[in-house]
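Trainee: The structure that follows is given in the form of structure tokens.
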Amino acid sequence: MAWGLLLPGLGVLLFAYAMPMLWVLRMAFNRFTGGGGIEITLTLDSFADVFTDPYYLRVALTTVKLGLLVAAITVLVAYPLALFLVRTTSKWRGLLTILAIAPMLVSSVARTYGWMVVLGNQGLLSAVLTGLGLTDTPPQLANQFAGVVIALVQIFLPYAVLAMTSGFGRLDATLEQAAASLGAGRITRFLRVTLPLTLPGVLTGLLLVFVLTISAYVTPRLIGGGRVFVLASEIYDQATNQLNWPLAAALSLVLVIVFGIAVTVFGLLQRRVERWVSGR
Amino acid sequence: MAELRVAGLVKRYPGAASPAVDGVDLTVEQGEMLALLGPSGCGKTTTLRMIAGLIEPTAGTISVDGRDLTRTPVHKRGMGMVFQSFALLPHLTVAGNVAFGLDMRRLPAAEKKKRVAEILDRVRLGHLAERRIGQLSGGQQQRVALARALVVNPSVLLLDEPLSALDAQLRESLRTEIREMQQNAGITAVFVTHDQDEALSMADRVAVMDNGRVAQIGTPQEIYENPADVFVATFIGRANLFDGELTASGVVVPGLGTLPVTSDRAHGPVTALLRPQAVRLSADGLPGTVRSASYTGDQVAYQVDAAGHTFLVDTVAAGAPLTRGDAVHLAWDDTAVRVLPPRDAS
Amino acid sequence: MTISRRSALFGGIALLGLAACSTSATDSSQQDSSAGGDALTITGFSGAFADQFQAEVIDPFQQANPGTKVTYTPATNSAELLAGLRTNTGKATYDLVIMDSSVSTTANAEGLFEKLDASIVTSLADLVDAAVIDAGFGPAITIDSLAFIANPAKFATLPSKWTALAEAQYKGQLALQIADTRGIALIAGLSKELGLDYKTSIDGQLAELKKFAANTQTFSPQPNIYDAIRSGSVGMGVGWNARAQALHDETPNELIVAVPTGLGVAQISTINLVKTSTRKDVAQKFVEFAIGAEAQKRLSESAFYGSVNKNVTVAADINARTASTTGLLADAAPIDWNWIAPNYAGWVQRIQREVIGG
């Protein structure tokens, strides 16, 4: 019956997600014996490393900080864009929407390299700033946290726009008109009508970008100058450079927990907001 | 409470073949309720939205009590509007919606509370003040929308198809309710509808619109009894129409002979109108055959073939209705015949 | 170490992308079809090394042994190769694997590789001392050294000691990719320069690295250290001598290279026989060819690798630019990759936390 429709997706999830996750879970309890050696056992060594070592706490905090910052800025930038796309009655709307999400067609790796060209200390931005005589010492953006934030914002902007345009369904032009007819000016209308009704979309956008950011690996690595440590890059390093698979697995589980917390918190918020704006 | 005057109102959308609104003049007296009636696409909603300030006119003026509001933004017009979809803010309660306009006017909290309570009592929703919008029925939502528009004491109340989203039965009772509220408040009102019953039963005067123009404006009775043209005649109520030639002796209709009426129209082609209620089944007169009968309890609507025409005849039901094939005679008073411009010209 | 029957576990990890198994992706059918014939699959470093190895070793070998088909598949890095070997314990994907000596000792210990037959690989007897990592197991195929590399437009001369990287002139100009083998090698180099013993402690060496970190613009130059220097986005860094020498010949105005005298640090890549290989004879024949004098001379002359074979002599000007024991590695900083292997991860971790993240 209808449940049968779930089977393909369920199957894919089971084989491509649940099983590997179980293996990762098991791996986390093995012991690393140095030089890439692994002892099959049941130990909490790796978790002890992860939870007692202030370094990993710092990495986790950096990851969450990056996630929140990128999510907030991206949503702030995407909001007017999404609002425009939802509201416009132009016949170009379809084309404009495609334009807004077109960057997704280019791999994030390619876009990250693009940002390296722009942000590098001999890059476009510093050339423009010095060329205009604005500064002799252009801000160092590449190889820094700031550069990672800038690049990720641009890379995830289309995702945020997509998530928000689909989340702005409750926005109905007549609601704003009704508010206007009752004497609400442009700003009041935005604050008291548009903003509350678009909050569910905003939350969806925030969650999506947050999750994408904390799992981003390529951009922090390429633009971070090797000094921006996030969980994803740490997992990669542990797994492929240090061959410490139990630790990599334990860190992966930490990342999954961060995901879980984020999804739960946003889910609760979303439900509250959804109930609030739906009028039920 | 004020007089609304609309003059030479035009709305032309870029790229459109013809203007959506093409020179509308209206005057709505203080306390009067005017219905804008017409088929969809006739420009009635565009006209209302221009009055509200939601659409910018291409030309023309809108004024209230002589004050030109044409360029005044919507939120400064001081009008109240009820939307077809009610447009209640889903994230606010009933009281929150009603208080919205008072908030904008920065009323003191106590005064605000009092007025919200008053108006909600008047629409019999006082007990639902703290309900969420999604928990209300359609009729309740309609009344909240009305209360919200009225609580701010608007100069003019605008209603855009206020009842079309509701069930037929609810519509009937709300008609009276809206009309009573409007009359009690003595407020000038314009409402848009495509439903002729609604227009005729609620409005002091009706403006029938067609193709962006006002085809006729007048009291419901004037509109019904003396339609200006075939369009108005057919849009309001049902009509028997006969194309003929106006002569000194009356309208000569092929097959039917001469309908002896006088008219100050120029002699030549005309269309004669005879309302179905004006036609009687009688013992003598024009012989015909019943083609169909539709029984609605208090009335029977017949279609009768006579003299090469099909007549619509409405009669008060009495006894068993006639059936298809029955022979009848049709009669009418000559004074009931109206002479309209010929069909093609309208 | 108890390494056994973990393929399923590792497979799961691989699925997650923690260890993308490009190494295990090769279809086995091509091997099966020629299982009895002379076909050989080799994997190792990608990029310039792959091209050089193809041109200087594989192509000549195929010419000398017509009918033997050698396929070289580049891998991302040695650690990934090790992961691939572990996941494919049942069935050989590769016959020979070229990897960092620090990783191959681990694989040797885990029994993933097999000792070579000295009667086939007779050149084992001709190896220089540095080329023997685990006696009997796969020998060095190339010897390289850590080197300074710089963009001559920014720095016309190169320093003569590693500690020079702390100088103020390099502020914001350094690219130090040291959270890997380069960092380990730099620690060894600093140990000799500062008179420290890394087997006792690396605190002093790390303190020095921290001074370098203050000058560092990036710890992860993109797309790689050599191109970052050539493009001028950074001015100075440490890299591998062989690759840098070759690039210097290509673009002398964009990249210069030097190994500080008496402070060279040997970096060794080994060529290893996979235990589950079904073509061990051909594979060992290839190893014999690869470490033989002819191929090693070619690798020295065209790719600037120090010869692993004592019988090789190259022109003096070439020798002076290669990491040979009579060239750049004469009086080199001692480095014991076997001893380092179990400490590798710990050192990299300390570099990452105390130097880069500090």
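Chain identifiers are assigned as A, B, and so on, following the order in which chains appear in the structure tokens; residues are numbered from 1 within each chain, and ligands are numbered from 1 in order of appearance.
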Give me, as a PyMOL selection string, the residues of chain A touching chain B, with the criterion being at most 12 Å (counting only C-alpha atoms).

Mentor: chain A and resi 170-189+192-200+272-280

Trainee: Considering only C-alpha atoms, give me a table of residues in chain A that are at most 7 Å from chain C, with the closest atom pair and distance in Å for each, as a tab-separated table.

Mentor:
residue	atom	partner	partner_atom	distance
A:Pro20	CA	C:Gly12	CA	4.5
A:Trp23	CA	C:Leu9	CA	5.6
A:Val24	CA	C:Ile13	CA	6.2
A:Gly34	CA	C:Pro342	CA	5.0
A:Gly35	CA	C:Pro342	CA	4.3
A:Gly36	CA	C:Thr106	CA	6.9
A:Gly37	CA	C:Met1	CA	6.4
A:Ile38	CA	C:Ile3	CA	6.9
A:Glu39	CA	C:Thr2	CA	5.6
A:Asn121	CA	C:Ser233	CA	6.5
A:Gln122	CA	C:Ser233	CA	6.0
A:Asn143	CA	C:Thr218	CA	5.7
A:Leu222	CA	C:Gln222	CA	6.6
A:Gly225	CA	C:Thr218	CA	4.2
A:Gly226	CA	C:Ser220	CA	4.4
A:Arg227	CA	C:Ile356	CA	6.0
A:Tyr236	CA	C:Leu18	CA	6.1
A:Ala239	CA	C:Leu18	CA	6.1
A:Thr240	CA	C:Ala79	CA	5.4
A:Asn241	CA	C:Ala79	CA	5.7
A:Gln242	CA	C:Ala345	CA	4.9
A:Leu243	CA	C:Ala79	CA	6.5

Trainee: Going by DSSP on the backbone, which bits of segment 144-291 of chain C are alpha helix (DSSP H)? Write them as a ChimeraX atom specification, please.

Mentor: /C:181-194,203-215,225-231,241-250,280-290

Trainee: Given the selection you just returned, output its residues as a file containing C-alpha atoms, formatted as a JSON list (two decimals), in the first residue's frame.

Mentor:
[["chain", "number", "residue", "atom", "x", "y", "z"],
["C", 181, "THR", "CA", 55.48, 14.50, 6.75],
["C", 182, "ARG", "CA", 57.03, 17.92, 6.00],
["C", 183, "GLY", "CA", 56.51, 18.95, 9.62],
["C", 184, "ILE", "CA", 58.08, 15.73, 10.86],
["C", 185, "ALA", "CA", 61.06, 16.25, 8.58],
["C", 186, "LEU", "CA", 61.37, 19.86, 9.73],
["C", 187, "ILE", "CA", 61.47, 18.69, 13.33],
["C", 188, "ALA", "CA", 64.32, 16.34, 12.40],
["C", 189, "GLY", "CA", 66.14, 19.17, 10.63],
["C", 190, "LEU", "CA", 65.69, 21.51, 13.57],
["C", 191, "SER", "CA", 66.88, 18.79, 15.93],
["C", 192, "LYS", "CA", 70.26, 18.69, 14.25],
["C", 193, "GLU", "CA", 70.49, 22.46, 13.90],
["C", 194, "LEU", "CA", 69.58, 23.09, 17.55],
["C", 203, "ASP", "CA", 59.40, 20.59, 22.91],
["C", 204, "GLY", "CA", 62.32, 22.74, 21.78],
["C", 205, "GLN", "CA", 61.66, 22.02, 18.12],
["C", 206, "LEU", "CA", 57.98, 22.91, 18.51],
["C", 207, "ALA", "CA", 58.92, 26.15, 20.27],
["C", 208, "GLU", "CA", 60.95, 27.05, 17.20],
["C", 209, "LEU", "CA", 58.09, 26.07, 14.87],
["C", 210, "LYS", "CA", 55.84, 28.43, 16.84],
["C", 211, "LYS", "CA", 58.15, 31.29, 15.93],
["C", 212, "PHE", "CA", 57.74, 30.31, 12.28],
["C", 213, "ALA", "CA", 53.98, 30.17, 12.74],
["C", 214, "ALA", "CA", 53.94, 33.87, 13.56],
["C", 215, "ASN", "CA", 55.30, 34.54, 10.07],
["C", 225, "ILE", "CA", 53.08, 24.82, -2.01],
["C", 226, "TYR", "CA", 54.96, 24.91, -5.33],
["C", 227, "ASP", "CA", 52.25, 26.68, -7.29],
["C", 228, "ALA", "CA", 51.48, 28.99, -4.39],
["C", 229, "ILE", "CA", 55.11, 30.11, -4.47],
["C", 230, "ARG", "CA", 55.27, 30.32, -8.25],
["C", 231, "SER", "CA", 52.15, 32.50, -8.37],
["C", 241, "ASN", "CA", 63.75, 19.10, -3.19],
["C", 242, "ALA", "CA", 63.19, 16.83, -6.22],
["C", 243, "ARG", "CA", 59.91, 18.35, -7.30],
["C", 244, "ALA", "CA", 61.19, 21.89, -6.64],
["C", 245, "GLN", "CA", 64.37, 21.30, -8.65],
["C", 246, "ALA", "CA", 62.33, 20.11, -11.62],
["C", 247, "LEU", "CA", 60.03, 23.11, -11.35],
["C", 248, "HIS", "CA", 63.00, 25.45, -11.05],
["C", 249, "ASP", "CA", 64.25, 24.20, -14.41],
["C", 250, "GLU", "CA", 60.81, 24.84, -15.88],
["C", 280, "LYS", "CA", 54.80, -11.79, -7.47],
["C", 281, "ASP", "CA", 57.44, -12.93, -9.94],
["C", 282, "VAL", "CA", 56.68, -10.20, -12.45],
["C", 283, "ALA", "CA", 56.25, -7.72, -9.63],
["C", 284, "GLN", "CA", 59.68, -8.50, -8.22],
["C", 285, "LYS", "CA", 61.18, -8.37, -11.67],
["C", 286, "PHE", "CA", 59.79, -4.87, -11.90],
["C", 287, "VAL", "CA", 61.22, -3.92, -8.49],
["C", 288, "GLU", "CA", 64.60, -5.20, -9.60],
["C", 289, "PHE", "CA", 64.36, -3.01, -12.68],
["C", 290, "ALA", "CA", 63.15, 0.02, -10.72]]

Trainee: Give the answer as one residue: which of B:Leu281, B:Ala168, B:Ile236, B:Val251 has the shortest atom-to-atom distance to Val316 of chain B, using only C-alpha atoms?

Mentor: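 Among the listed residues, the smallest separation from Val316 of chain B belongs to B:Leu281.
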
Trainee: Hey, what's within 7 Å of Val86 of chain A if we count only C-alpha atoms and toss same-chain stuff fewer than 3 positions away? As an NGL selection string, please?

Mentor: :A and (82-83 or 165)

Trainee: Do you have the atom CA of Asn224 of chain C-atom CA of Ala50 of chain C distance handy?

Mentor: 16.2 Å

Trainee: For Phe61 of chain C, find every residue with an atom within 9 Å (counting only C-alpha atoms), except residues of its own chain fewer than 2 positions away, and show them as a list of chain:residue names.

Mentor: C:Glu56, C:Val57, C:Ile58, C:Asp59, C:Gln63, C:Ala64, C:Asn65, C:Pro66, C:Thr68, C:Val70, C:Phe286, C:Phe289, C:Ala290, C:Ala295

Trainee: Can those selected residues be exported to a file as an mmCIF file, in the first residue's frame so that it contains N, CA and C atoms?

Mentor:
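selection_26.cif, freshly written:
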data_model
loop_
_atom_site.group_PDB
_atom_site.id
_atom_site.type_symbol
_atom_site.label_atom_id
_atom_site.label_comp_id
_atom_site.auth_asym_id
_atom_site.auth_seq_id
_atom_site.Cartn_x
_atom_site.Cartn_y
_atom_site.Cartn_z
ATOM 1 N N GLU C 56 60.279 7.334 -16.745
ATOM 2 C CA GLU C 56 61.652 6.910 -16.460
ATOM 3 C C GLU C 56 61.764 5.464 -16.024
ATOM 4 N N VAL C 57 60.684 4.867 -15.563
ATOM 5 C CA VAL C 57 60.776 3.495 -15.074
ATOM 6 C C VAL C 57 59.842 2.543 -15.830
ATOM 7 N N ILE C 58 58.568 2.890 -15.869
ATOM 8 C CA ILE C 58 57.607 1.942 -16.451
ATOM 9 C C ILE C 58 57.815 1.777 -17.948
ATOM 10 N N ASP C 59 57.924 2.888 -18.664
ATOM 11 C CA ASP C 59 58.075 2.782 -20.127
ATOM 12 C C ASP C 59 59.332 2.004 -20.516
ATOM 13 N N GLN C 63 59.549 -1.586 -22.477
ATOM 14 C CA GLN C 63 60.346 -1.778 -23.692
ATOM 15 C C GLN C 63 61.248 -2.997 -23.554
ATOM 16 N N ALA C 64 61.826 -3.116 -22.363
ATOM 17 C CA ALA C 64 62.730 -4.241 -22.136
ATOM 18 C C ALA C 64 61.958 -5.553 -21.981
ATOM 19 N N ASN C 65 60.699 -5.460 -21.590
ATOM 20 C CA ASN C 65 59.881 -6.653 -21.391
ATOM 21 C C ASN C 65 58.588 -6.556 -22.183
ATOM 22 N N PRO C 66 58.717 -6.617 -23.488
ATOM 23 C CA PRO C 66 57.485 -6.496 -24.282
ATOM 24 C C PRO C 66 56.539 -7.638 -23.908
ATOM 25 N N THR C 68 54.665 -7.420 -21.242
ATOM 26 C CA THR C 68 54.252 -7.138 -19.875
ATOM 27 C C THR C 68 53.518 -5.815 -19.846
ATOM 28 N N VAL C 70 52.061 -2.908 -17.761
ATOM 29 C CA VAL C 70 52.118 -2.290 -16.443
ATOM 30 C C VAL C 70 51.119 -1.144 -16.375
ATOM 31 N N PHE C 286 59.949 -6.314 -11.717
ATOM 32 C CA PHE C 286 59.789 -4.868 -11.904
ATOM 33 C C PHE C 286 60.569 -4.106 -10.830
ATOM 34 N N PHE C 289 64.087 -3.988 -11.634
ATOM 35 C CA PHE C 289 64.357 -3.006 -12.681
ATOM 36 C C PHE C 289 64.344 -1.586 -12.107
ATOM 37 N N ALA C 290 63.350 -1.346 -11.223
ATOM 38 C CA ALA C 290 63.149 0.015 -10.717
ATOM 39 C C ALA C 290 64.284 0.464 -9.797
ATOM 40 N N ALA C 295 67.517 2.533 -14.117
ATOM 41 C CA ALA C 295 66.323 3.327 -13.816
ATOM 42 C C ALA C 295 66.630 4.399 -12.778
#

Trainee: Among segment 133-258 of chain B, which ones does DSSP assign to strand (DSSP E) (computed from the backbone)? Answer as a PyMOL selection string.

Mentor: chain B and resi 156-160+188-193+205-210+213-218+240-247+250-253+257-258

Trainee: I'd like the neighbourhood of Phe259 of chain A as a PyMOL selection string, where a residue qualifies if any of its atoms comes within 12 Å (using only C-alpha atoms), though same-chain residues fewer than 3 positions away should be ignored.

Mentor: chain A and resi 60+63-64+67+207-215+231+252-256+262-267

Trainee: If you keep N, CA and C atoms, can you produce a file of those selected residues as a JSON list (two decimals), in the first residue's frame?

Mentor:
[["chain", "number", "residue", "atom", "x", "y", "z"],
["A", 60, "ALA", "N", 35.08, 21.86, 18.32],
["A", 60, "ALA", "CA", 33.62, 21.79, 18.27],
["A", 60, "ALA", "C", 33.02, 23.18, 18.36],
["A", 63, "THR", "N", 33.44, 25.03, 15.20],
["A", 63, "THR", "CA", 32.50, 24.51, 14.21],
["A", 63, "THR", "C", 31.12, 25.14, 14.41],
["A", 64, "VAL", "N", 30.66, 25.13, 15.66],
["A", 64, "VAL", "CA", 29.33, 25.66, 15.93],
["A", 64, "VAL", "C", 29.30, 27.17, 15.67],
["A", 67, "GLY", "N", 29.15, 27.69, 12.06],
["A", 67, "GLY", "CA", 27.82, 27.33, 11.58],
["A", 67, "GLY", "C", 26.82, 28.44, 11.85],
["A", 207, "LEU", "N", 18.51, 26.51, 9.61],
["A", 207, "LEU", "CA", 18.88, 25.12, 9.92],
["A", 207, "LEU", "C", 19.68, 24.52, 8.77],
["A", 208, "LEU", "N", 19.17, 24.72, 7.56],
["A", 208, "LEU", "CA", 19.82, 24.12, 6.40],
["A", 208, "LEU", "C", 21.26, 24.62, 6.28],
["A", 209, "VAL", "N", 21.44, 25.93, 6.36],
["A", 209, "VAL", "CA", 22.79, 26.48, 6.19],
["A", 209, "VAL", "C", 23.68, 26.07, 7.35],
["A", 210, "PHE", "N", 23.11, 26.04, 8.56],
["A", 210, "PHE", "CA", 23.90, 25.61, 9.72],
["A", 210, "PHE", "C", 24.43, 24.19, 9.52],
["A", 211, "VAL", "N", 23.52, 23.31, 9.13],
["A", 211, "VAL", "CA", 23.91, 21.91, 8.95],
["A", 211, "VAL", "C", 24.92, 21.77, 7.81],
["A", 212, "LEU", "N", 24.68, 22.49, 6.72],
["A", 212, "LEU", "CA", 25.62, 22.41, 5.60],
["A", 212, "LEU", "C", 26.99, 22.95, 6.02],
["A", 213, "THR", "N", 26.97, 24.02, 6.83],
["A", 213, "THR", "CA", 28.24, 24.64, 7.23],
["A", 213, "THR", "C", 29.05, 23.73, 8.15],
["A", 214, "ILE", "N", 28.37, 23.17, 9.16],
["A", 214, "ILE", "CA", 29.18, 22.38, 10.11],
["A", 214, "ILE", "C", 29.65, 21.08, 9.48],
["A", 215, "SER", "N", 29.08, 20.70, 8.35],
["A", 215, "SER", "CA", 29.62, 19.51, 7.69],
["A", 215, "SER", "C", 30.51, 19.89, 6.51],
["A", 231, "LEU", "N", 35.19, 20.37, 12.86],
["A", 231, "LEU", "CA", 35.06, 18.92, 13.08],
["A", 231, "LEU", "C", 35.28, 18.13, 11.80],
["A", 252, "SER", "N", 33.20, 11.78, 14.48],
["A", 252, "SER", "CA", 32.02, 11.75, 13.60],
["A", 252, "SER", "C", 30.75, 11.69, 14.42],
["A", 253, "LEU", "N", 30.81, 10.89, 15.49],
["A", 253, "LEU", "CA", 29.61, 10.77, 16.33],
["A", 253, "LEU", "C", 29.32, 12.08, 17.03],
["A", 254, "VAL", "N", 30.39, 12.80, 17.44],
["A", 254, "VAL", "CA", 30.17, 14.13, 18.04],
["A", 254, "VAL", "C", 29.46, 15.04, 17.05],
["A", 255, "LEU", "N", 29.92, 14.98, 15.79],
["A", 255, "LEU", "CA", 29.30, 15.81, 14.76],
["A", 255, "LEU", "C", 27.83, 15.43, 14.59],
["A", 256, "VAL", "N", 27.57, 14.11, 14.62],
["A", 256, "VAL", "CA", 26.19, 13.65, 14.51],
["A", 256, "VAL", "C", 25.36, 14.20, 15.67],
["A", 262, "ALA", "N", 21.06, 20.42, 16.88],
["A", 262, "ALA", "CA", 20.60, 21.52, 16.01],
["A", 262, "ALA", "C", 19.22, 21.22, 15.46],
["A", 263, "VAL", "N", 19.06, 20.00, 14.93],
["A", 263, "VAL", "CA", 17.79, 19.64, 14.32],
["A", 263, "VAL", "C", 16.67, 19.68, 15.35],
["A", 264, "THR", "N", 16.98, 19.20, 16.56],
["A", 264, "THR", "CA", 15.95, 19.19, 17.61],
["A", 264, "THR", "C", 15.56, 20.61, 18.01],
["A", 265, "VAL", "N", 16.58, 21.43, 18.27],
["A", 265, "VAL", "CA", 16.29, 22.81, 18.70],
["A", 265, "VAL", "C", 15.50, 23.56, 17.63],
["A", 266, "PHE", "N", 15.99, 23.46, 16.38],
["A", 266, "PHE", "CA", 15.29, 24.14, 15.31],
["A", 266, "PHE", "C", 13.90, 23.56, 15.10],
["A", 267, "GLY", "N", 13.81, 22.24, 15.27],
["A", 267, "GLY", "CA", 12.51, 21.58, 15.09],
["A", 267, "GLY", "C", 11.49, 22.12, 16.09]]

Trainee: How many Å separate atom CA of Arg49 of chain B from atom CA of Asp160 of chain B?

Mentor: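 Result for atom CA of Arg49 of chain B versus atom CA of Asp160 of chain B: 8.5 Å, one decimal.
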
Trainee: For Ile155 of chain A, work out the shell of residues within 9 Å, counting only C-alpha atoms and skipping chain neighbours fewer than 2 positions away, then give it as a list in words.

Mentor: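 Once the nearby chain positions are removed, what remains is Pro103, Met104, Ser108, Arg111, Thr112, Ile150, Ala151, Leu152, Val153, Leu157, Pro158 and Tyr159 of chain A.
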
Trainee: Which residues come within 12 Å of Ala333 of chain C, counting only C-alpha atoms, excluding same-chain residues fewer than 2 positions away, as a compact mmCIF listing (two decimals) with C-alpha atoms, in the first residue's frame?

Mentor:
# COMPACT_ATOMS: atom_id res chain seq x y z
CA SER C 145 65.11 15.91 1.02
CA LEU C 146 63.26 18.71 2.71
CA LYS C 161 69.58 27.19 8.34
CA TRP C 162 66.01 26.15 9.17
CA ALA C 185 61.06 16.25 8.58
CA LEU C 186 61.37 19.86 9.73
CA ILE C 187 61.47 18.69 13.33
CA ALA C 188 64.32 16.34 12.40
CA GLY C 189 66.14 19.17 10.63
CA LEU C 190 65.69 21.51 13.57
CA SER C 191 66.88 18.79 15.93
CA LYS C 192 70.26 18.69 14.25
CA GLU C 193 70.49 22.46 13.90
CA LEU C 194 69.58 23.09 17.55
CA GLY C 195 71.47 20.09 18.88
CA LEU C 196 68.34 18.43 20.22
CA ASP C 197 67.33 14.77 20.24
CA TYR C 198 63.82 14.23 18.94
CA VAL C 259 68.73 22.47 0.94
CA PRO C 260 70.69 24.06 3.80
CA THR C 261 74.15 22.55 3.92
CA GLY C 262 74.52 19.81 6.49
CA LEU C 263 70.85 20.09 7.42
CA GLY C 264 69.16 18.00 4.71
CA VAL C 265 66.43 15.65 5.90
CA ALA C 266 65.88 12.42 3.99
CA GLN C 267 62.39 11.57 2.90
CA THR C 325 74.38 10.74 0.08
CA LEU C 328 72.42 17.28 -0.72
CA LEU C 329 72.17 14.60 1.94
CA ALA C 330 75.88 14.49 2.70
CA ASP C 331 76.14 15.04 6.45
CA ILE C 335 66.06 10.74 10.75
CA ASP C 336 64.80 7.32 11.77

Trainee: In Å, rounded to a single decimal, give me how far atom CA of Asp298 of chain B is from atom CA of Ala35 of chain B.

Mentor: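 Between atom CA of Ala35 of chain B and atom CA of Asp298 of chain B the gap is 28.1 Å.
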